[in-house]
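my_file-v3.cif (mmCIF, N, CA, C and O atoms) appears below.
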data_work
#
loop_
_atom_site.group_PDB
_atom_site.id
_atom_site.type_symbol
_atom_site.label_atom_id
_atom_site.label_comp_id
_atom_site.auth_asym_id
_atom_site.auth_seq_id
_atom_site.Cartn_x
_atom_site.Cartn_y
_atom_site.Cartn_z
ATOM 1 N N MET O 117 -17.647 -20.267 28.603
ATOM 2 C CA MET O 117 -17.972 -19.471 27.437
ATOM 3 C C MET O 117 -19.329 -18.804 27.683
ATOM 4 O O MET O 117 -20.270 -19.446 28.115
ATOM 5 N N THR O 118 -19.393 -17.524 27.392
ATOM 6 C CA THR O 118 -20.637 -16.798 27.604
ATOM 7 C C THR O 118 -21.661 -17.198 26.548
ATOM 8 O O THR O 118 -21.326 -17.764 25.503
ATOM 9 N N ALA O 119 -22.900 -16.877 26.819
ATOM 10 C CA ALA O 119 -23.974 -17.203 25.886
ATOM 11 C C ALA O 119 -23.787 -16.455 24.567
ATOM 12 O O ALA O 119 -24.046 -16.996 23.485
ATOM 13 N N LEU O 120 -23.310 -15.227 24.673
ATOM 14 C CA LEU O 120 -23.091 -14.433 23.463
ATOM 15 C C LEU O 120 -22.017 -15.057 22.579
ATOM 16 O O LEU O 120 -22.172 -15.155 21.354
ATOM 17 N N ARG O 121 -20.920 -15.495 23.188
ATOM 18 C CA ARG O 121 -19.858 -16.150 22.423
ATOM 19 C C ARG O 121 -20.359 -17.457 21.815
ATOM 20 O O ARG O 121 -20.014 -17.800 20.691
ATOM 21 N N LYS O 122 -21.159 -18.177 22.582
ATOM 22 C CA LYS O 122 -21.701 -19.439 22.092
ATOM 23 C C LYS O 122 -22.594 -19.201 20.871
ATOM 24 O O LYS O 122 -22.490 -19.914 19.866
ATOM 25 N N ASP O 123 -23.433 -18.170 20.936
ATOM 26 C CA ASP O 123 -24.286 -17.823 19.797
ATOM 27 C C ASP O 123 -23.441 -17.431 18.585
ATOM 28 O O ASP O 123 -23.741 -17.823 17.453
ATOM 29 N N ALA O 124 -22.392 -16.661 18.826
ATOM 30 C CA ALA O 124 -21.517 -16.235 17.737
ATOM 31 C C ALA O 124 -20.836 -17.439 17.086
ATOM 32 O O ALA O 124 -20.744 -17.511 15.848
ATOM 33 N N MET O 125 -20.374 -18.370 17.888
ATOM 34 C CA MET O 125 -19.720 -19.568 17.352
ATOM 35 C C MET O 125 -20.702 -20.398 16.530
ATOM 36 O O MET O 125 -20.351 -20.914 15.467
ATOM 37 N N GLU O 126 -21.927 -20.521 17.003
ATOM 38 C CA GLU O 126 -22.936 -21.276 16.258
ATOM 39 C C GLU O 126 -23.222 -20.617 14.913
ATOM 40 O O GLU O 126 -23.346 -21.304 13.890
ATOM 41 N N LEU O 127 -23.307 -19.297 14.913
ATOM 42 C CA LEU O 127 -23.544 -18.586 13.656
ATOM 43 C C LEU O 127 -22.378 -18.769 12.688
ATOM 44 O O LEU O 127 -22.573 -18.943 11.483
ATOM 45 N N LEU O 128 -21.158 -18.738 13.222
ATOM 46 C CA LEU O 128 -19.983 -18.937 12.371
ATOM 47 C C LEU O 128 -19.955 -20.338 11.777
ATOM 48 O O LEU O 128 -19.559 -20.529 10.629
ATOM 49 N N GLU O 129 -20.364 -21.317 12.565
ATOM 50 C CA GLU O 129 -20.369 -22.689 12.066
ATOM 51 C C GLU O 129 -21.404 -22.869 10.954
ATOM 52 O O GLU O 129 -21.202 -23.674 10.040
ATOM 53 N N LYS O 130 -22.486 -22.120 10.989
ATOM 54 C CA LYS O 130 -23.530 -22.220 9.976
ATOM 55 C C LYS O 130 -23.193 -21.410 8.720
ATOM 56 O O LYS O 130 -23.774 -21.626 7.668
ATOM 57 N N MET O 131 -22.249 -20.475 8.838
ATOM 58 C CA MET O 131 -21.903 -19.573 7.749
ATOM 59 C C MET O 131 -21.225 -20.343 6.612
ATOM 60 O O MET O 131 -20.356 -21.169 6.849
ATOM 61 N N PRO O 132 -21.628 -20.059 5.365
ATOM 62 C CA PRO O 132 -20.935 -20.686 4.223
ATOM 63 C C PRO O 132 -19.468 -20.246 4.182
ATOM 64 O O PRO O 132 -19.121 -19.124 4.563
ATOM 65 N N GLU O 133 -18.628 -21.151 3.737
ATOM 66 C CA GLU O 133 -17.180 -20.920 3.741
ATOM 67 C C GLU O 133 -16.796 -19.669 2.957
ATOM 68 O O GLU O 133 -15.904 -18.922 3.362
ATOM 69 N N ASP O 134 -17.463 -19.400 1.847
ATOM 70 C CA ASP O 134 -17.095 -18.255 1.016
ATOM 71 C C ASP O 134 -17.460 -16.923 1.664
ATOM 72 O O ASP O 134 -16.946 -15.877 1.278
ATOM 73 N N LYS O 135 -18.317 -16.934 2.674
ATOM 74 C CA LYS O 135 -18.699 -15.702 3.374
ATOM 75 C C LYS O 135 -17.817 -15.426 4.592
ATOM 76 O O LYS O 135 -17.811 -14.325 5.123
ATOM 77 N N LEU O 136 -17.081 -16.429 5.031
ATOM 78 C CA LEU O 136 -16.251 -16.270 6.228
ATOM 79 C C LEU O 136 -15.174 -15.208 6.052
ATOM 80 O O LEU O 136 -14.782 -14.551 7.011
ATOM 81 N N TYR O 137 -14.690 -15.026 4.830
ATOM 82 C CA TYR O 137 -13.659 -14.018 4.576
ATOM 83 C C TYR O 137 -14.144 -12.639 5.034
ATOM 84 O O TYR O 137 -13.420 -11.914 5.693
ATOM 85 N N PHE O 138 -15.377 -12.317 4.693
ATOM 86 C CA PHE O 138 -15.921 -11.013 5.056
ATOM 87 C C PHE O 138 -16.083 -10.872 6.566
ATOM 88 O O PHE O 138 -15.806 -9.824 7.139
ATOM 89 N N ILE O 139 -16.497 -11.946 7.201
ATOM 90 C CA ILE O 139 -16.663 -11.926 8.656
ATOM 91 C C ILE O 139 -15.309 -11.718 9.337
ATOM 92 O O ILE O 139 -15.192 -10.931 10.281
ATOM 93 N N VAL O 140 -14.293 -12.397 8.836
ATOM 94 C CA VAL O 140 -12.948 -12.251 9.409
ATOM 95 C C VAL O 140 -12.457 -10.813 9.238
ATOM 96 O O VAL O 140 -11.869 -10.233 10.160
ATOM 97 N N GLN O 141 -12.698 -10.214 8.080
ATOM 98 C CA GLN O 141 -12.281 -8.827 7.857
ATOM 99 C C GLN O 141 -12.987 -7.881 8.817
ATOM 100 O O GLN O 141 -12.373 -6.953 9.354
ATOM 101 N N ILE O 142 -14.262 -8.100 9.033
ATOM 102 C CA ILE O 142 -15.016 -7.267 9.978
ATOM 103 C C ILE O 142 -14.460 -7.427 11.377
ATOM 104 O O ILE O 142 -14.251 -6.451 12.100
ATOM 105 N N MET O 143 -14.179 -8.662 11.765
ATOM 106 C CA MET O 143 -13.659 -8.920 13.111
ATOM 107 C C MET O 143 -12.292 -8.264 13.304
ATOM 108 O O MET O 143 -12.004 -7.719 14.368
ATOM 109 N N LYS O 144 -11.458 -8.317 12.277
ATOM 110 C CA LYS O 144 -10.143 -7.668 12.366
ATOM 111 C C LYS O 144 -10.299 -6.164 12.501
ATOM 112 O O LYS O 144 -9.570 -5.515 13.253
ATOM 113 N N GLY O 145 -11.253 -5.599 11.773
ATOM 114 C CA GLY O 145 -11.490 -4.163 11.855
ATOM 115 C C GLY O 145 -11.971 -3.749 13.230
ATOM 116 O O GLY O 145 -11.530 -2.747 13.785
ATOM 117 N N VAL O 146 -12.866 -4.523 13.798
ATOM 118 C CA VAL O 146 -13.371 -4.220 15.141
ATOM 119 C C VAL O 146 -12.256 -4.373 16.157
ATOM 120 O O VAL O 146 -12.112 -3.550 17.062
ATOM 121 N N ASN O 147 -11.438 -5.381 15.990
ATOM 122 C CA ASN O 147 -10.319 -5.585 16.914
ATOM 123 C C ASN O 147 -9.350 -4.413 16.847
ATOM 124 O O ASN O 147 -8.782 -4.014 17.849
ATOM 125 N N GLY O 148 -9.176 -3.830 15.666
ATOM 126 C CA GLY O 148 -8.283 -2.682 15.505
ATOM 127 C C GLY O 148 -8.788 -1.441 16.213
ATOM 128 O O GLY O 148 -8.015 -0.549 16.542
ATOM 129 N N LEU O 149 -10.078 -1.371 16.469
ATOM 130 C CA LEU O 149 -10.633 -0.209 17.166
ATOM 131 C C LEU O 149 -10.152 -0.121 18.608
ATOM 132 O O LEU O 149 -10.127 0.943 19.198
ATOM 133 N N TYR O 150 -9.767 -1.255 19.173
ATOM 134 C CA TYR O 150 -9.345 -1.267 20.573
ATOM 135 C C TYR O 150 -7.917 -0.781 20.742
ATOM 136 O O TYR O 150 -7.500 -0.485 21.852
ATOM 137 N N GLY O 151 -7.160 -0.709 19.672
ATOM 138 C CA GLY O 151 -5.779 -0.224 19.755
ATOM 139 C C GLY O 151 -4.844 -1.319 20.204
ATOM 140 O O GLY O 151 -4.861 -1.713 21.359
ATOM 141 N N THR O 152 -4.061 -1.807 19.289
ATOM 142 C CA THR O 152 -3.111 -2.869 19.603
ATOM 143 C C THR O 152 -1.844 -2.257 20.185
ATOM 144 O O THR O 152 -1.648 -1.046 20.175
ATOM 145 N N ASP O 153 -0.975 -3.118 20.685
ATOM 146 C CA ASP O 153 0.298 -2.644 21.223
ATOM 147 C C ASP O 153 1.119 -1.968 20.128
ATOM 148 O O ASP O 153 1.807 -0.985 20.376
ATOM 149 N N GLU O 154 1.036 -2.508 18.919
ATOM 150 C CA GLU O 154 1.766 -1.920 17.800
ATOM 151 C C GLU O 154 1.258 -0.507 17.515
ATOM 152 O O GLU O 154 2.040 0.407 17.282
ATOM 153 N N GLN O 155 -0.040 -0.331 17.556
ATOM 154 C CA GLN O 155 -0.629 0.992 17.333
ATOM 155 C C GLN O 155 -0.202 1.953 18.430
ATOM 156 O O GLN O 155 0.112 3.114 18.172
ATOM 157 N N LYS O 156 -0.175 1.487 19.661
ATOM 158 C CA LYS O 156 0.237 2.339 20.774
ATOM 159 C C LYS O 156 1.697 2.759 20.627
ATOM 160 O O LYS O 156 2.040 3.901 20.910
ATOM 161 N N ALA O 157 2.532 1.835 20.154
ATOM 162 C CA ALA O 157 3.943 2.160 19.939
ATOM 163 C C ALA O 157 4.085 3.213 18.838
ATOM 164 O O ALA O 157 4.892 4.141 18.970
ATOM 165 N N ARG O 158 3.295 3.077 17.773
ATOM 166 C CA ARG O 158 3.323 4.076 16.695
ATOM 167 C C ARG O 158 2.879 5.443 17.207
ATOM 168 O O ARG O 158 3.463 6.468 16.864
ATOM 169 N N ASP O 159 1.852 5.446 18.036
ATOM 170 C CA ASP O 159 1.357 6.712 18.582
ATOM 171 C C ASP O 159 2.406 7.380 19.459
ATOM 172 O O ASP O 159 2.592 8.600 19.393
ATOM 173 N N ARG O 160 3.102 6.591 20.273
ATOM 174 C CA ARG O 160 4.169 7.160 21.124
ATOM 175 C C ARG O 160 5.300 7.721 20.270
ATOM 176 O O ARG O 160 5.828 8.791 20.555
ATOM 177 N N ALA O 161 5.674 6.996 19.215
ATOM 178 C CA ALA O 161 6.739 7.474 18.328
ATOM 179 C C ALA O 161 6.320 8.772 17.647
ATOM 180 O O ALA O 161 7.122 9.703 17.523
ATOM 181 N N PHE O 162 5.069 8.844 17.231
ATOM 182 C CA PHE O 162 4.572 10.063 16.592
ATOM 183 C C PHE O 162 4.595 11.227 17.575
ATOM 184 O O PHE O 162 4.983 12.341 17.209
ATOM 185 N N GLU O 163 4.210 10.984 18.817
ATOM 186 C CA GLU O 163 4.250 12.043 19.834
ATOM 187 C C GLU O 163 5.667 12.543 20.044
ATOM 188 O O GLU O 163 5.890 13.753 20.178
ATOM 189 N N LYS O 164 6.640 11.629 20.066
ATOM 190 C CA LYS O 164 8.045 12.036 20.236
ATOM 191 C C LYS O 164 8.476 12.926 19.073
ATOM 192 O O LYS O 164 9.140 13.941 19.279
ATOM 193 N N LEU O 165 8.098 12.542 17.852
ATOM 194 C CA LEU O 165 8.449 13.359 16.692
ATOM 195 C C LEU O 165 7.785 14.728 16.756
ATOM 196 O O LEU O 165 8.405 15.742 16.423
ATOM 197 N N GLU O 166 6.547 14.767 17.185
ATOM 198 C CA GLU O 166 5.844 16.041 17.307
ATOM 199 C C GLU O 166 6.533 16.944 18.327
ATOM 200 O O GLU O 166 6.616 18.157 18.141
ATOM 201 N N ASN O 167 7.036 16.366 19.403
ATOM 202 C CA ASN O 167 7.722 17.160 20.426
ATOM 203 C C ASN O 167 9.061 17.699 19.927
ATOM 204 O O ASN O 167 9.530 18.727 20.409
ATOM 205 N N LEU O 168 9.677 17.013 18.967
ATOM 206 C CA LEU O 168 10.953 17.466 18.414
ATOM 207 C C LEU O 168 10.781 18.552 17.368
ATOM 208 O O LEU O 168 11.727 19.265 17.040
ATOM 209 N N ARG O 169 9.597 18.667 16.845
ATOM 210 C CA ARG O 169 9.342 19.629 15.776
ATOM 211 C C ARG O 169 9.493 21.056 16.295
ATOM 212 O O ARG O 169 9.071 21.378 17.396
ATOM 213 N N ARG O 170 10.128 21.896 15.482
ATOM 214 C CA ARG O 170 10.318 23.304 15.854
ATOM 215 C C ARG O 170 9.569 24.187 14.875
ATOM 216 O O ARG O 170 9.414 23.839 13.715
ATOM 217 N N LYS O 171 9.176 25.345 15.355
ATOM 218 C CA LYS O 171 8.537 26.303 14.465
ATOM 219 C C LYS O 171 9.606 27.027 13.666
ATOM 220 O O LYS O 171 10.656 27.382 14.186
ATOM 221 N N ALA O 172 9.314 27.235 12.403
ATOM 222 C CA ALA O 172 10.235 27.986 11.547
ATOM 223 C C ALA O 172 10.052 29.472 11.830
ATOM 224 O O ALA O 172 8.954 29.928 12.120
ATOM 225 N N PRO O 173 11.145 30.230 11.771
ATOM 226 C CA PRO O 173 11.014 31.670 12.015
ATOM 227 C C PRO O 173 10.179 32.321 10.911
ATOM 228 O O PRO O 173 10.163 31.860 9.770
ATOM 229 N N GLU O 174 9.504 33.390 11.266
ATOM 230 C CA GLU O 174 8.714 34.134 10.290
ATOM 231 C C GLU O 174 9.666 34.810 9.305
ATOM 232 O O GLU O 174 10.673 35.394 9.693
ATOM 233 N N ILE O 175 9.353 34.713 8.039
ATOM 234 C CA ILE O 175 10.208 35.296 7.002
ATOM 235 C C ILE O 175 9.500 36.492 6.388
ATOM 236 O O ILE O 175 8.349 36.399 5.972
ATOM 237 N N ASP O 176 10.215 37.606 6.361
ATOM 238 C CA ASP O 176 9.698 38.805 5.703
ATOM 239 C C ASP O 176 10.210 38.767 4.259
ATOM 240 O O ASP O 176 11.365 39.088 3.968
ATOM 241 N N TYR O 177 9.364 38.311 3.372
ATOM 242 C CA TYR O 177 9.778 38.090 1.985
ATOM 243 C C TYR O 177 10.169 39.389 1.284
ATOM 244 O O TYR O 177 11.091 39.407 0.458
ATOM 245 N N ASP O 178 9.506 40.485 1.596
ATOM 246 C CA ASP O 178 9.853 41.752 0.973
ATOM 247 C C ASP O 178 11.265 42.183 1.369
ATOM 248 O O ASP O 178 12.063 42.623 0.537
ATOM 249 N N LYS O 179 11.602 42.006 2.643
ATOM 250 C CA LYS O 179 12.940 42.345 3.120
ATOM 251 C C LYS O 179 13.978 41.425 2.479
ATOM 252 O O LYS O 179 15.071 41.871 2.120
ATOM 253 N N GLU O 180 13.649 40.165 2.355
ATOM 254 C CA GLU O 180 14.556 39.215 1.707
ATOM 255 C C GLU O 180 14.841 39.626 0.267
ATOM 256 O O GLU O 180 15.974 39.548 -0.196
ATOM 257 N N LEU O 181 13.819 40.091 -0.436
ATOM 258 C CA LEU O 181 14.007 40.523 -1.825
ATOM 259 C C LEU O 181 14.888 41.750 -1.902
ATOM 260 O O LEU O 181 15.713 41.891 -2.821
ATOM 261 N N GLU O 182 14.746 42.669 -0.923
ATOM 262 C CA GLU O 182 15.583 43.877 -0.917
ATOM 263 C C GLU O 182 17.037 43.536 -0.684
ATOM 264 O O GLU O 182 17.921 44.129 -1.296
ATOM 265 N N ASP O 183 17.291 42.588 0.212
ATOM 266 C CA ASP O 183 18.683 42.203 0.521
ATOM 267 C C ASP O 183 19.281 41.490 -0.672
ATOM 268 O O ASP O 183 20.370 41.624 -1.081
#

Written as C-alpha coordinates, how would this file's structure read?
Amino acid sequence: MTALRKDAMELLEKMPEDKLYFIVQIMKGVNGLYGTDEQKARDRAFEKLENLRRKAPEIDYDKELED
(Lines of atoms letter the chains of each structure in order from A and count residues from 1; the text may use other names and numbers.)
(Lines give C-alpha, C1' and ligand atoms only; values in the text may rest on other atoms or scores of the structure.)
Protein backbone atom coordinates (compact mmCIF):
# COMPACT_ATOMS: atom_id res chain seq x y z
CA MET A 1 0.00 0.00 0.00
CA THR A 2 1.38 3.39 -0.94
CA ALA A 3 1.88 6.12 1.62
CA LEU A 4 -0.87 8.16 0.02
CA ARG A 5 -3.38 5.31 0.31
CA LYS A 6 -2.29 4.71 3.88
CA ASP A 7 -2.88 8.38 4.74
CA ALA A 8 -6.28 8.27 3.05
CA MET A 9 -7.29 5.16 5.01
CA GLU A 10 -6.21 6.76 8.28
CA LEU A 11 -8.26 9.85 7.51
CA LEU A 12 -11.29 7.71 6.67
CA GLU A 13 -10.96 5.81 9.93
CA LYS A 14 -10.94 9.10 11.87
CA MET A 15 -13.94 10.48 9.95
CA PRO A 16 -17.27 10.54 11.82
CA GLU A 17 -19.76 8.01 10.47
CA ASP A 18 -22.30 10.66 9.45
CA LYS A 19 -19.71 12.38 7.21
CA LEU A 20 -18.69 9.22 5.36
CA TYR A 21 -21.72 9.47 3.07
CA PHE A 22 -20.35 12.66 1.55
CA ILE A 23 -16.89 11.18 1.14
CA VAL A 24 -18.33 8.13 -0.63
CA GLN A 25 -20.31 10.38 -3.00
CA ILE A 26 -17.18 12.36 -3.83
CA MET A 27 -15.21 9.17 -4.44
CA LYS A 28 -17.92 7.82 -6.74
CA GLY A 29 -17.92 11.08 -8.67
CA VAL A 30 -14.16 11.03 -9.10
CA ASN A 31 -14.29 7.40 -10.16
CA GLY A 32 -16.87 8.33 -12.81
CA LEU A 33 -14.43 10.78 -14.35
CA TYR A 34 -12.25 7.90 -15.50
CA GLY A 35 -15.03 6.41 -17.64
CA THR A 36 -16.40 3.03 -16.72
CA ASP A 37 -17.01 0.18 -19.13
CA GLU A 38 -20.72 0.98 -18.98
CA GLN A 39 -20.04 4.58 -19.98
CA LYS A 40 -17.83 3.44 -22.84
CA ALA A 41 -20.58 1.12 -24.07
CA ARG A 42 -23.08 4.00 -23.97
CA ASP A 43 -20.68 6.21 -25.91
CA ARG A 44 -20.22 3.54 -28.60
CA ALA A 45 -23.99 3.08 -28.89
CA PHE A 46 -24.45 6.83 -29.22
CA GLU A 47 -21.80 6.97 -31.95
CA LYS A 48 -23.61 4.20 -33.86
CA LEU A 49 -26.87 6.14 -33.64
CA GLU A 50 -25.16 9.32 -34.80
CA ASN A 51 -23.76 7.46 -37.82
CA LEU A 52 -27.26 6.24 -38.73
CA ARG A 53 -28.73 9.71 -38.61
CA ARG A 54 -29.57 11.25 -41.99
CA LYS A 55 -30.00 14.85 -42.96
CA ALA A 56 -33.52 15.87 -43.88
CA PRO A 57 -33.93 17.39 -47.33
CA GLU A 58 -34.29 21.16 -47.50
CA ILE A 59 -37.94 22.15 -47.76
CA ASP A 60 -39.06 25.15 -49.76
CA TYR A 61 -42.09 26.14 -47.71
CA ASP A 62 -43.32 28.72 -50.21
CA LYS A 63 -43.35 26.11 -52.98
CA GLU A 64 -45.12 23.66 -50.69
CA LEU A 65 -47.83 26.24 -50.02
CA GLU A 66 -48.30 26.84 -53.76
CA ASP A 67 -48.70 23.12 -54.46

Atomic separation - atom O of Glu163 (chain O) relative to atom O of Val146 (chain O), Å: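 The value is 25.2 Å.
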
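Put simply, atom O of Leu136 (chain O) is 19.1 Å away from atom O of Ala119 (chain O).
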
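Pairwise distance (atom C of Met143 (chain O), CA of Leu128 (chain O)) equals 13.2 Å.
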
Expected answer as an NGL selection string: alpha helix (DSSP H) residues in chain O: :O and (119-130 or 136-149 or 153-168 or 177-182)

Could you give me the axis-aligned bounding box of region 153-169 of chain O, with 6 Å of padding per side, as centre plus edge lengths in Å to one decimal, as AutoDock Vina command-line options?
--center_x 5.4 --center_y 9.1 --center_z 18.5 --size_x 24.7 --size_y 36.5 --size_z 17.4

All residues 12 Å or closer to region 137-139 of chain O, only C-alpha atoms, same chain fewer than 4 positions away omitted, as a list of chain:residue names: O:Ala124, O:Met125, O:Leu127, O:Leu128, O:Glu129, O:Met131, O:Pro132, O:Glu133, O:Met143, O:Lys144, O:Gly145, O:Val146
